[in-house]
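Novice: Have a peek at input_18.tsv (TSV, C-alpha atoms).
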chain	number	residue	atom	x	y	z
A	884	MET	CA	-22.49	-4.46	7.59
A	885	LYS	CA	-22.88	-1.36	9.71
A	886	PHE	CA	-20.24	1.32	10.05
A	887	SER	CA	-20.51	4.17	12.55
A	888	LEU	CA	-17.89	6.87	12.06
A	889	ILE	CA	-17.31	9.96	14.19
A	890	LEU	CA	-16.24	12.88	12.03
A	891	PRO	CA	-12.86	14.39	13.05
A	892	LYS	CA	-12.72	17.68	14.93
A	893	ASN	CA	-10.93	19.45	12.08
A	894	ILE	CA	-13.13	18.26	9.22
A	895	LYS	CA	-14.72	20.99	7.10
A	896	LYS	CA	-18.45	21.50	7.13
A	897	GLN	CA	-19.79	19.82	3.98
A	898	SER	CA	-22.79	18.09	2.48
A	899	VAL	CA	-23.42	14.37	2.92
A	900	SER	CA	-22.99	13.99	-0.83
A	901	HIS	CA	-19.59	15.71	-0.75
A	902	LEU	CA	-18.49	13.70	2.29
A	903	LEU	CA	-19.17	10.35	0.66
A	904	GLU	CA	-17.90	11.22	-2.82
A	905	GLN	CA	-15.06	13.70	-2.36
A	906	THR	CA	-13.81	13.19	1.21
A	907	TRP	CA	-14.27	9.45	1.70
A	908	LEU	CA	-13.97	8.53	-2.00
A	909	ILE	CA	-16.73	5.92	-1.76
A	910	PRO	CA	-17.32	4.44	-5.25
A	911	ARG	CA	-20.40	5.42	-7.26
A	912	LYS	CA	-22.05	1.99	-7.01
A	913	GLN	CA	-21.91	1.97	-3.20
A	914	ARG	CA	-23.07	5.61	-2.99
A	915	HIS	CA	-26.04	4.73	-5.21
A	916	LEU	CA	-26.96	1.78	-2.98
A	917	LEU	CA	-26.69	3.88	0.17
A	918	ARG	CA	-28.91	6.57	-1.33
A	919	THR	CA	-31.62	4.38	-2.85
A	920	LYS	CA	-31.87	2.16	0.23
A	921	LYS	CA	-31.77	5.16	2.57
A	922	HIS	CA	-28.92	3.67	4.53
A	923	VAL	CA	-27.09	6.82	5.65
A	924	PHE	CA	-27.78	8.33	9.06
A	925	ARG	CA	-26.47	11.38	10.87
A	926	ASN	CA	-26.57	11.17	14.66
A	927	GLY	CA	-29.17	8.42	14.39
A	928	CYS	CA	-31.46	10.25	11.92
A	929	LEU	CA	-31.94	9.53	8.23
A	930	VAL	CA	-30.11	12.16	6.19
A	931	ASN	CA	-31.09	14.43	3.36
A	932	TRP	CA	-28.36	13.93	0.76
A	933	GLU	CA	-27.58	17.65	0.57
A	934	GLU	CA	-27.73	18.45	4.27
A	935	TYR	CA	-24.51	19.49	5.95
A	936	VAL	CA	-22.47	17.48	8.42
A	937	GLU	CA	-20.14	18.96	11.01
A	938	PRO	CA	-17.18	17.87	13.18
A	939	GLN	CA	-18.04	15.21	15.78
A	940	ASP	CA	-21.21	14.14	13.96
A	941	GLU	CA	-21.75	10.38	13.95
A	942	ILE	CA	-22.31	9.08	10.44
A	943	THR	CA	-23.74	5.58	10.11
A	944	LEU	CA	-23.60	3.61	6.86
A	945	ILE	CA	-25.44	0.31	6.39
A	946	PHE	CA	-24.63	-2.19	3.66
A	947	ASP	CA	-26.61	-5.34	2.91
A	948	VAL	CA	-24.90	-8.68	2.32
A	949	GLY	CA	-25.32	-8.45	-1.44
A	950	ASP	CA	-23.86	-4.95	-1.70
A	951	PHE	CA	-20.32	-6.37	-1.72
A	952	LYS	CA	-18.86	-9.52	-3.22
A	953	LEU	CA	-18.12	-12.01	-0.46
A	954	LEU	CA	-14.39	-12.62	0.05
A	955	GLU	CA	-13.20	-16.06	1.09
A	956	VAL	CA	-9.58	-16.50	2.18
A	957	GLN	CA	-8.11	-19.78	3.38
A	958	GLU	CA	-6.45	-19.31	6.76
A	959	GLY	CA	-2.69	-19.73	7.07
A	960	ASN	CA	-0.38	-19.63	10.08
A	961	PRO	CA	-1.24	-16.76	12.49
A	962	GLN	CA	2.31	-16.80	13.89
A	963	LEU	CA	3.63	-15.66	10.51
A	964	ALA	CA	1.61	-12.43	10.57
A	965	HIS	CA	3.71	-9.71	12.26
A	966	ILE	CA	1.19	-6.90	12.75
A	967	LEU	CA	2.64	-3.38	13.02
A	968	TYR	CA	-0.61	-1.37	13.15
A	969	GLU	CA	-4.30	-2.19	13.25
A	970	ASP	CA	-7.61	-0.39	13.64
A	971	GLU	CA	-11.22	-1.14	12.73
A	972	HIS	CA	-10.65	-0.65	9.01
A	973	LEU	CA	-7.07	-1.51	8.08
A	974	VAL	CA	-4.00	-3.45	9.14
A	975	ILE	CA	-0.30	-3.01	8.33
A	976	VAL	CA	1.91	-6.09	8.43
A	977	ASN	CA	5.68	-6.66	8.22
A	978	LYS	CA	6.26	-9.10	5.35
A	979	PRO	CA	9.43	-11.20	5.48
A	980	GLU	CA	11.52	-11.70	2.35
A	981	GLY	CA	10.71	-14.82	0.37
A	982	MET	CA	6.96	-14.71	1.05
A	983	LYS	CA	4.28	-13.72	-1.46
A	984	THR	CA	1.83	-10.97	-0.53
A	985	HIS	CA	-1.05	-13.06	-1.86
A	986	GLY	CA	-1.39	-16.39	-3.63
A	987	ASN	CA	-2.02	-16.80	-7.34
A	988	THR	CA	-4.70	-19.40	-6.62
A	989	SER	CA	-7.16	-19.90	-3.77
A	990	GLU	CA	-5.11	-22.89	-2.57
A	991	GLU	CA	-1.76	-21.07	-2.42
A	992	ILE	CA	-0.88	-19.83	1.06
A	993	ALA	CA	0.73	-16.39	1.38
A	994	LEU	CA	0.87	-13.39	3.72
A	995	GLN	CA	-2.80	-12.55	3.14
A	996	ASN	CA	-3.74	-16.00	4.46
A	997	HIS	CA	-1.55	-15.66	7.54
A	998	VAL	CA	-3.09	-12.27	8.36
A	999	ALA	CA	-6.61	-13.71	7.91
A	1000	ALA	CA	-5.72	-16.46	10.39
A	1001	ARG	CA	-4.35	-13.93	12.88
A	1002	LEU	CA	-7.42	-11.67	12.69
A	1003	LYS	CA	-9.96	-14.50	12.32
A	1004	HIS	CA	-11.50	-12.93	9.22
A	1005	PRO	CA	-10.48	-12.24	5.60
A	1006	VAL	CA	-8.42	-9.20	4.62
A	1007	HIS	CA	-8.30	-7.52	1.23
A	1008	VAL	CA	-5.13	-6.86	-0.76
A	1009	VAL	CA	-4.58	-3.13	-1.34
A	1010	HIS	CA	-1.08	-3.33	-2.82
A	1011	ARG	CA	1.72	-5.87	-2.96
A	1012	LEU	CA	5.43	-6.28	-2.45
A	1013	ASP	CA	7.53	-8.54	-4.64
A	1014	THR	CA	8.21	-11.94	-3.10
A	1015	GLU	CA	11.88	-11.05	-2.59
A	1016	THR	CA	11.10	-7.70	-0.92
A	1017	SER	CA	10.45	-7.40	2.81
A	1018	GLY	CA	8.62	-4.70	4.74
A	1019	ALA	CA	5.33	-2.93	5.37
A	1020	VAL	CA	2.21	-4.13	3.55
A	1021	LEU	CA	-1.23	-2.55	3.94
A	1022	PHE	CA	-4.42	-4.65	3.92
A	1023	ALA	CA	-8.05	-3.50	4.10
A	1024	LYS	CA	-10.19	-5.13	6.78
A	1025	ASN	CA	-13.48	-4.38	5.04
A	1026	GLN	CA	-14.85	-3.56	1.60
A	1027	LEU	CA	-15.88	-0.04	2.60
A	1028	ILE	CA	-12.30	1.16	2.89
A	1029	LEU	CA	-10.81	-1.10	0.17
A	1030	PRO	CA	-11.61	1.10	-2.86
A	1031	ILE	CA	-10.79	4.22	-0.84
A	1032	LEU	CA	-7.28	2.98	-0.09
A	1033	GLY	CA	-6.90	1.88	-3.70
A	1034	LYS	CA	-7.82	5.37	-4.88
A	1035	MET	CA	-5.39	6.89	-2.41
A	1036	PHE	CA	-2.60	4.77	-3.87
A	1037	GLU	CA	-3.52	5.90	-7.38
A	1038	GLU	CA	-3.41	9.54	-6.29
A	1039	ASN	CA	-0.10	9.09	-4.40
A	1040	LYS	CA	-1.72	9.83	-1.04
A	1041	ILE	CA	-0.19	6.74	0.54
A	1042	HIS	CA	3.57	7.14	0.74
A	1043	ARG	CA	6.21	4.43	1.02
A	1044	SER	CA	9.91	4.64	1.77
A	1045	TYR	CA	12.30	1.83	0.88
A	1046	LEU	CA	15.86	0.96	1.81
A	1047	ALA	CA	18.02	-0.55	-0.93
A	1048	LEU	CA	21.62	-1.71	-0.90
A	1049	ILE	CA	23.00	-1.15	-4.40
A	1050	GLN	CA	26.17	-1.84	-6.33
A	1051	GLY	CA	28.43	1.20	-6.68
A	1052	TYR	CA	27.63	4.82	-5.96
A	1053	PHE	CA	25.66	7.77	-7.24
A	1054	ASN	CA	27.64	10.99	-7.58
A	1055	GLU	CA	24.68	13.01	-6.32
A	1056	LYS	CA	23.43	13.04	-2.74
A	1057	SER	CA	19.87	12.91	-4.04
A	1058	LEU	CA	18.26	12.57	-7.44
A	1059	ILE	CA	14.97	11.89	-9.17
A	1060	LEU	CA	14.67	9.01	-11.64
A	1061	ASN	CA	11.92	9.87	-14.10
A	1062	LYS	CA	11.85	7.02	-16.60
A	1063	ASN	CA	8.82	5.29	-18.06
A	1064	ILE	CA	8.64	1.55	-17.41
A	1065	GLY	CA	7.29	-1.16	-19.69
A	1066	ARG	CA	7.42	-4.95	-19.94
A	1067	ASN	CA	10.49	-6.60	-21.45
A	1068	ARG	CA	9.35	-8.24	-24.72
A	1069	HIS	CA	12.10	-10.85	-24.49
A	1070	ASN	CA	11.42	-11.88	-20.89
A	1071	ARG	CA	7.87	-11.52	-19.60
A	1072	LYS	CA	9.06	-11.67	-15.99
A	1073	LYS	CA	11.18	-8.53	-16.40
A	1074	TYR	CA	10.53	-4.84	-16.99
A	1075	ILE	CA	12.64	-2.17	-18.65
A	1076	THR	CA	12.78	1.60	-18.93
A	1077	SER	CA	11.04	2.56	-22.16
A	1078	GLU	CA	9.67	5.75	-23.69
A	1079	ASN	CA	6.53	3.79	-24.56
A	1080	GLY	CA	6.09	2.53	-20.99
A	1081	LYS	CA	4.04	3.90	-18.13
A	1082	ARG	CA	5.10	6.98	-16.17
A	1083	ALA	CA	7.35	6.13	-13.21
A	1084	ILE	CA	9.13	8.46	-10.78
A	1085	THR	CA	11.49	7.39	-7.99
A	1086	HIS	CA	13.23	9.74	-5.54
A	1087	VAL	CA	16.64	8.44	-4.43
A	1088	THR	CA	18.70	9.67	-1.46
A	1089	VAL	CA	22.15	8.28	-0.66
A	1090	LEU	CA	22.40	7.34	3.03
A	1091	GLU	CA	25.73	5.50	3.32
A	1092	LYS	CA	28.70	4.64	1.11
A	1093	GLY	CA	30.87	1.57	1.67
A	1094	ARG	CA	33.87	0.13	-0.10
A	1095	ARG	CA	31.93	-1.26	-3.07
A	1096	ASN	CA	28.25	-0.67	-2.40
A	1097	SER	CA	25.96	2.01	-1.02
A	1098	LEU	CA	22.73	2.28	0.94
A	1099	VAL	CA	19.99	4.43	-0.55
A	1100	SER	CA	16.48	5.45	0.42
A	1101	CYS	CA	13.81	5.42	-2.29
A	1102	THR	CA	10.36	6.97	-2.26
A	1103	LEU	CA	7.77	6.56	-4.98
A	1104	ASP	CA	5.49	8.95	-6.82
A	1105	THR	CA	4.10	6.01	-8.80
A	1106	GLY	CA	3.71	2.30	-8.13
A	1107	ARG	CA	4.87	0.41	-11.21
A	1108	THR	CA	5.81	-3.25	-11.00
A	1109	HIS	CA	9.51	-3.63	-10.12
A	1110	GLN	CA	9.84	0.17	-10.25
A	1111	ILE	CA	12.74	0.62	-7.84
A	1112	ARG	CA	14.54	-2.46	-9.15
A	1113	VAL	CA	14.26	-1.34	-12.77
A	1114	HIS	CA	15.16	2.31	-12.12
A	1115	LEU	CA	18.27	1.49	-10.08
A	1116	SER	CA	19.50	-1.16	-12.51
A	1117	SER	CA	18.95	1.22	-15.44
A	1118	GLU	CA	21.42	3.60	-13.76
A	1119	GLY	CA	24.04	0.87	-13.49
A	1120	HIS	CA	23.42	0.38	-9.76
A	1121	PRO	CA	21.27	-2.76	-9.40
A	1122	ILE	CA	20.09	-3.94	-6.01
A	1123	ILE	CA	22.33	-6.50	-4.31
A	1124	GLY	CA	20.80	-9.97	-4.57
A	1125	ASP	CA	18.16	-9.04	-7.16
A	1126	PRO	CA	17.46	-12.35	-8.96
A	1127	LEU	CA	16.17	-10.64	-12.12
A	1128	TYR	CA	18.22	-7.50	-12.57
A	1129	ASN	CA	21.55	-8.40	-10.94
A	1130	LEU	CA	23.48	-11.58	-11.72
A	1131	ALA	CA	25.96	-11.15	-8.85
A	1132	LEU	CA	25.53	-12.77	-5.41
A	1133	LYS	CA	22.74	-15.10	-6.49
A	1134	ASN	CA	22.47	-16.74	-3.06
A	1135	GLN	CA	22.07	-13.39	-1.27
A	1136	ARG	CA	18.60	-12.13	-0.31
A	1137	MET	CA	17.47	-9.16	-2.35
A	1138	MET	CA	18.47	-6.10	-0.36
A	1139	LEU	CA	15.23	-4.15	-0.76
A	1140	HIS	CA	13.07	-3.39	2.27
A	1141	ALA	CA	9.87	-1.34	2.53
A	1142	GLU	CA	10.88	0.46	5.70
A	1143	LYS	CA	8.06	2.96	6.14
A	1144	ILE	CA	4.48	3.63	5.08
A	1145	TYR	CA	2.70	6.86	5.96
A	1146	PHE	CA	-0.61	8.50	5.05
A	1147	THR	CA	-3.62	10.35	6.42
A	1148	HIS	CA	-6.37	8.00	7.57
A	1149	PRO	CA	-9.35	8.58	5.25
A	1150	PHE	CA	-11.93	8.39	8.06
A	1151	THR	CA	-10.23	9.85	11.12
A	1152	GLU	CA	-7.75	12.17	9.32
A	1153	GLU	CA	-5.14	10.90	11.76
A	1154	SER	CA	-1.54	10.85	10.51
A	1155	ILE	CA	-0.47	7.20	10.30
A	1156	GLU	CA	3.27	6.48	10.10
A	1157	VAL	CA	4.52	2.93	10.54
A	1158	ILE	CA	8.13	1.70	10.56
A	1159	ALA	CA	8.83	-1.92	9.65
A	1160	PRO	CA	12.01	-3.36	11.26
A	1161	SER	CA	14.12	-5.98	9.48
A	1162	GLN	CA	16.88	-7.78	11.36
A	1163	THR	CA	17.96	-9.73	8.29
A	1164	PHE	CA	18.30	-6.60	6.14
A	1165	TYR	CA	20.44	-4.75	8.67
A	1166	HIS	CA	22.51	-7.85	9.45
A	1167	ASP	CA	23.30	-8.43	5.78
A	1168	LYS	CA	23.87	-4.72	5.16
A	1169	LYS	CA	26.75	-4.65	7.63
A	1170	SER	CA	28.63	-7.40	5.81
A	1171	LEU	CA	27.85	-6.19	2.29
A	1172	LEU	CA	28.30	-2.41	2.60
Show me the file's structure as structure tokens.

Specialist:
Amino acid sequence: MKFSLILPKNIKKQSVSHLLEQTWLIPRKQRHLLRTKKHVFRNGCLVNWEEYVEPQDEITLIFDVGDFKLLEVQEGNPQLAHILYEDEHLVIVNKPEGMKTHGNTSEEIALQNHVAARLKHPVHVVHRLDTETSGAVLFAKNQLILPILGKMFEENKIHRSYLALIQGYFNEKSLILNKNIGRNRHNRKKYITSENGKRAITHVTVLEKGRRNSLVSCTLDTGRTHQIRVHLSSEGHPIIGDPLYNLALKNQRMMLHAEKIYFTHPFTEESIEVIAPSQTFYHDKKSLL
């Protein structure tokens, strides 16, 4: 695989070593392979690892077939992949409710398979949405950017905003839920707030109040499993239609939608902001609010 990247106009002058490790967050193993095989070029010339690169330089990286583990993804239905944004390295897709982000086995067909069929090549899972949740999902199109996007998620450099229709009301217009989350020992499918759990922070803003329910926006500082669902239910305001944390309205879709994802592109430093529409969420919101 060969990647040729033009450095952005506003990038700081820095060494090749700093660019690959600190700016692009390329993992140590891949940096070692690039260095030992002499597979990094600046404007067509082999680089010295400590030489400086500047804005508008063309950096070329070459990876051999064995440098990455080959990914095989069975193709699904291309018509089920609603692409919101795509470039050479990544793709953002609007996942409908009731569909898994990826299968648990190689034979199980999920959103990842549909996207692979649409693009005619495999895509890599960067993060996931619960089956019941709809909205924006980010996939990596190659194994160069995959660990970089994963690191960005860990460092909260990829931001997500969710809409949730909840039972009842918060007294505050906005609040921060800072409660650790751990697995429920009595039900392995569920999670609970627990002092012994992992750090989890959710920012909640009230958008609308209805007769019985309210619409809130949630943004995450962390990405724990079921984080928004657990935090809201722990406050006595579970999400409408949640099959695990809310026993009411069992036949209603879970009213949680990943409305927006936004971040700075690791290679171009372009600001990416993508909105995921959901007709079913807004249709149901009107009748339930």

Novice: Got a sec: who's within 9 Å of Tyr1045 (chain A), counting only C-alpha atoms, leaving out chain neighbours fewer than 2 positions off, as a list in words?

Specialist: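 Using only C-alpha atoms, the neighbours found are Gly1018, Arg1043, Ala1047, Val1099, Ser1100, Cys1101, Thr1102, Leu1103, Ile1111, Leu1139, His1140, Ala1141, Glu1142 and Lys1143 of chain A.
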
Novice: Please produce a file of the residues just selected, as a PDB file, in the frame of the given file, where the atoms kept are C-alpha atoms.

Specialist:
ATOM      1  CA  GLY A1018       8.620  -4.700   4.740  1.00  0.00           C
ATOM      2  CA  ARG A1043       6.210   4.430   1.020  1.00  0.00           C
ATOM      3  CA  ALA A1047      18.020  -0.550  -0.930  1.00  0.00           C
ATOM      4  CA  VAL A1099      19.990   4.430  -0.550  1.00  0.00           C
ATOM      5  CA  SER A1100      16.480   5.450   0.420  1.00  0.00           C
ATOM      6  CA  CYS A1101      13.810   5.420  -2.290  1.00  0.00           C
ATOM      7  CA  THR A1102      10.360   6.970  -2.260  1.00  0.00           C
ATOM      8  CA  LEU A1103       7.770   6.560  -4.980  1.00  0.00           C
ATOM      9  CA  ILE A1111      12.740   0.620  -7.840  1.00  0.00           C
ATOM     10  CA  LEU A1139      15.230  -4.150  -0.760  1.00  0.00           C
ATOM     11  CA  HIS A1140      13.070  -3.390   2.270  1.00  0.00           C
ATOM     12  CA  ALA A1141       9.870  -1.340   2.530  1.00  0.00           C
ATOM     13  CA  GLU A1142      10.880   0.460   5.700  1.00  0.00           C
ATOM     14  CA  LYS A1143       8.060   2.960   6.140  1.00  0.00           C
TER      15      LYS A1143
END

Novice: Which neighbours of Pro1121 (chain A) fall inside 9 Å, counting only C-alpha atoms, when residues of the same chain fewer than 4 positions from it are skipped, and could you give them as a PyMOL selection string?

Specialist: chain A and resi 1048-1051+1112-1117+1125+1128-1129

Novice: Step by step: start from the point (-14.4, 16.5, 7.7) in the file's coordinates, keep every protein, DNA or RNA residue that has an atom no farther than 12 Å from it, count all atoms listed in the file, and write the set as an NGL selection string.

Specialist: :A and (888-899 or 901-903 or 905-907 or 935-942 or 1148-1153)

Novice: Just to be explicit: take each residue in the selection above, keep C-alpha atoms, and write the result as a compact mmCIF listing (two decimals), keeping the file's coordinate frame.

Specialist:
# COMPACT_ATOMS: atom_id res chain seq x y z
CA LEU A 888 -17.89 6.87 12.06
CA ILE A 889 -17.31 9.96 14.19
CA LEU A 890 -16.24 12.88 12.03
CA PRO A 891 -12.86 14.39 13.05
CA LYS A 892 -12.72 17.68 14.93
CA ASN A 893 -10.93 19.45 12.08
CA ILE A 894 -13.13 18.26 9.22
CA LYS A 895 -14.72 20.99 7.10
CA LYS A 896 -18.45 21.50 7.13
CA GLN A 897 -19.79 19.82 3.98
CA SER A 898 -22.79 18.09 2.48
CA VAL A 899 -23.42 14.37 2.92
CA HIS A 901 -19.59 15.71 -0.75
CA LEU A 902 -18.49 13.70 2.29
CA LEU A 903 -19.17 10.35 0.66
CA GLN A 905 -15.06 13.70 -2.36
CA THR A 906 -13.81 13.19 1.21
CA TRP A 907 -14.27 9.45 1.70
CA TYR A 935 -24.51 19.49 5.95
CA VAL A 936 -22.47 17.48 8.42
CA GLU A 937 -20.14 18.96 11.01
CA PRO A 938 -17.18 17.87 13.18
CA GLN A 939 -18.04 15.21 15.78
CA ASP A 940 -21.21 14.14 13.96
CA GLU A 941 -21.75 10.38 13.95
CA ILE A 942 -22.31 9.08 10.44
CA HIS A 1148 -6.37 8.00 7.57
CA PRO A 1149 -9.35 8.58 5.25
CA PHE A 1150 -11.93 8.39 8.06
CA THR A 1151 -10.23 9.85 11.12
CA GLU A 1152 -7.75 12.17 9.32
CA GLU A 1153 -5.14 10.90 11.76

Novice: Do you know which residues are at most 12 Å from Thr1163 (chain A) counting all atoms listed in the file, after dropping those on the same chain fewer than 3 positions away, and could you put them as a PyMOL selection string?

Specialist: chain A and resi 979-981+1016-1018+1135-1140+1160+1166-1170

Novice: Smallest atom-to-atom distance to Ile1122 (chain A): which of A:Ser1097, A:Thr1108, A:Ser1161, A:Ser887, using only C-alpha atoms?

Specialist: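 The closest residue to Ile1122 (chain A) is A:Ser1097.
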
Novice: Smallest atom-to-atom distance to Ile992 (chain A): which of A:Leu1021, A:Gly959, A:Leu973, A:Lys1040, using all atoms listed in the file?

Specialist: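 Result for the nearest residue to Ile992 (chain A): A:Gly959.
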
Novice: Between CA of Val1020 (chain A) and CA of Tyr1165 (chain A), measure the distance and give it in Å to one decimal.

Specialist: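 We find that CA of Val1020 (chain A) and CA of Tyr1165 (chain A) lie 18.9 Å from each other.
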
Novice: Mind checking which residues fall within 12 Å of Arg1071 (chain A), counting only C-alpha atoms, ignoring those fewer than 5 positions away in the same chain, and posting them as a ChimeraX atom specification?

Specialist: /A:1065-1066,1127

Novice: Determine the nearest neighbour of Val1089 (chain A) from the options A:Leu944, A:Leu1058, A:Leu1171, A:Met1035, counting only C-alpha atoms.

Specialist: A:Leu1058

Novice: Could you tell me how far CA of His1109 (chain A) sits from CA of Ile1084 (chain A), in Å to one decimal place?

Specialist: 12.1 Å

Novice: I'd like the interatomic distance between CA of Ile1158 (chain A) and CA of Ile966 (chain A), to a tenth of an Å.

Specialist: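 The value is 11.3 Å.
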
Novice: Considering only C-alpha atoms, return as a list of chain:residue names whatever protein or nucleic-acid residues lie within 9 Å of Ala1083 (chain A), sequence-local ones (same chain, fewer than 5 positions apart) excluded.

Specialist: A:Leu1060, A:Asn1061, A:Lys1062, A:Asn1063, A:Ile1064, A:Leu1103, A:Asp1104, A:Thr1105, A:Gly1106, A:Arg1107, A:Gln1110, A:His1114

Novice: Distance cut-off 7 Å, centre (8.4, -11.7, -2.7) in file coordinates, counting all atoms listed in the file: which residues qualify? Return them as a list in words.

Specialist: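 Output of the proximity query reads Glu980, Gly981, Met982, Lys983, Thr984, Leu1012, Asp1013, Thr1014, Glu1015 and Thr1016 of chain A.
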
Novice: Of the residues A:Asn996, A:Thr1085, A:Ser900, A:Asn1067, which is the one nearest to Gln962 (chain A), using only C-alpha atoms?

Specialist: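 Among the listed residues, the smallest separation from Gln962 (chain A) belongs to A:Asn996.
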
Novice: Which of these residues is nearest to Ala999 (chain A), using only C-alpha atoms: A:Ile1041, A:Ala1159, A:Leu954, A:Val930?

Specialist: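 Smallest distance to Ala999 (chain A) is found for A:Leu954.
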
Novice: Quick one: of A:Phe951, A:Phe886, A:Gly1119, A:Pro910, who's nearest to Arg925 (chain A), counting only C-alpha atoms?

Specialist: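 Looking at the shortest contact to Arg925 (chain A), the residue is A:Phe886.
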
Novice: Taking the structure I provided as the source, export region 1136-1155 of chain A with N, CA and C atoms, as a PDB file, in the first residue's frame.

Specialist:
ATOM      1  N   ARG A1136     -39.332   1.871  19.492  1.00  0.00           N
ATOM      2  CA  ARG A1136     -37.890   1.907  19.235  1.00  0.00           C
ATOM      3  C   ARG A1136     -37.200   2.694  20.325  1.00  0.00           C
ATOM      4  N   MET A1137     -35.957   2.360  20.612  1.00  0.00           N
ATOM      5  CA  MET A1137     -35.217   3.124  21.610  1.00  0.00           C
ATOM      6  C   MET A1137     -34.925   4.513  21.061  1.00  0.00           C
ATOM      7  N   MET A1138     -35.317   5.529  21.809  1.00  0.00           N
ATOM      8  CA  MET A1138     -35.223   6.900  21.326  1.00  0.00           C
ATOM      9  C   MET A1138     -33.855   7.520  21.633  1.00  0.00           C
ATOM     10  N   LEU A1139     -32.834   6.909  21.049  1.00  0.00           N
ATOM     11  CA  LEU A1139     -31.463   7.408  21.159  1.00  0.00           C
ATOM     12  C   LEU A1139     -30.859   7.445  19.759  1.00  0.00           C
ATOM     13  N   HIS A1140     -30.357   8.620  19.377  1.00  0.00           N
ATOM     14  CA  HIS A1140     -29.859   8.816  18.014  1.00  0.00           C
ATOM     15  C   HIS A1140     -28.554   9.600  18.045  1.00  0.00           C
ATOM     16  N   ALA A1141     -27.519   9.037  17.433  1.00  0.00           N
ATOM     17  CA  ALA A1141     -26.221   9.711  17.329  1.00  0.00           C
ATOM     18  C   ALA A1141     -26.303  10.742  16.211  1.00  0.00           C
ATOM     19  N   GLU A1142     -26.670  11.957  16.572  1.00  0.00           N
ATOM     20  CA  GLU A1142     -27.010  12.981  15.587  1.00  0.00           C
ATOM     21  C   GLU A1142     -25.801  13.585  14.891  1.00  0.00           C
ATOM     22  N   LYS A1143     -24.689  13.721  15.621  1.00  0.00           N
ATOM     23  CA  LYS A1143     -23.558  14.455  15.036  1.00  0.00           C
ATOM     24  C   LYS A1143     -22.238  13.845  15.475  1.00  0.00           C
ATOM     25  N   ILE A1144     -21.270  13.852  14.558  1.00  0.00           N
ATOM     26  CA  ILE A1144     -19.893  13.485  14.878  1.00  0.00           C
ATOM     27  C   ILE A1144     -18.986  14.550  14.291  1.00  0.00           C
ATOM     28  N   TYR A1145     -18.009  15.012  15.067  1.00  0.00           N
ATOM     29  CA  TYR A1145     -17.145  16.085  14.586  1.00  0.00           C
ATOM     30  C   TYR A1145     -15.742  15.936  15.174  1.00  0.00           C
ATOM     31  N   PHE A1146     -14.745  16.247  14.346  1.00  0.00           N
ATOM     32  CA  PHE A1146     -13.345  16.069  14.727  1.00  0.00           C
ATOM     33  C   PHE A1146     -12.455  16.752  13.700  1.00  0.00           C
ATOM     34  N   THR A1147     -11.189  16.854  14.014  1.00  0.00           N
ATOM     35  CA  THR A1147     -10.190  17.371  13.077  1.00  0.00           C
ATOM     36  C   THR A1147      -9.544  16.199  12.359  1.00  0.00           C
ATOM     37  N   HIS A1148      -9.569  16.231  11.042  1.00  0.00           N
ATOM     38  CA  HIS A1148      -8.990  15.137  10.261  1.00  0.00           C
ATOM     39  C   HIS A1148      -7.503  15.022  10.575  1.00  0.00           C
ATOM     40  N   PRO A1149      -7.030  13.817  10.938  1.00  0.00           N
ATOM     41  CA  PRO A1149      -5.629  13.681  11.365  1.00  0.00           C
ATOM     42  C   PRO A1149      -4.601  13.959  10.282  1.00  0.00           C
ATOM     43  N   PHE A1150      -4.968  13.839   9.022  1.00  0.00           N
ATOM     44  CA  PHE A1150      -4.015  14.063   7.936  1.00  0.00           C
ATOM     45  C   PHE A1150      -4.136  15.453   7.313  1.00  0.00           C
ATOM     46  N   THR A1151      -5.340  15.918   7.108  1.00  0.00           N
ATOM     47  CA  THR A1151      -5.534  17.199   6.425  1.00  0.00           C
ATOM     48  C   THR A1151      -5.743  18.369   7.380  1.00  0.00           C
ATOM     49  N   GLU A1152      -6.033  18.050   8.666  1.00  0.00           N
ATOM     50  CA  GLU A1152      -6.375  19.036   9.691  1.00  0.00           C
ATOM     51  C   GLU A1152      -7.631  19.827   9.331  1.00  0.00           C
ATOM     52  N   GLU A1153      -8.425  19.272   8.442  1.00  0.00           N
ATOM     53  CA  GLU A1153      -9.722  19.853   8.101  1.00  0.00           C
ATOM     54  C   GLU A1153     -10.719  19.545   9.210  1.00  0.00           C
ATOM     55  N   SER A1154     -11.604  20.504   9.502  1.00  0.00           N
ATOM     56  CA  SER A1154     -12.660  20.281  10.486  1.00  0.00           C
ATOM     57  C   SER A1154     -13.797  19.504   9.823  1.00  0.00           C
ATOM     58  N   ILE A1155     -14.045  18.292  10.323  1.00  0.00           N
ATOM     59  CA  ILE A1155     -15.102  17.446   9.794  1.00  0.00           C
ATOM     60  C   ILE A1155     -16.281  17.495  10.765  1.00  0.00           C
TER      61      ILE A1155
END
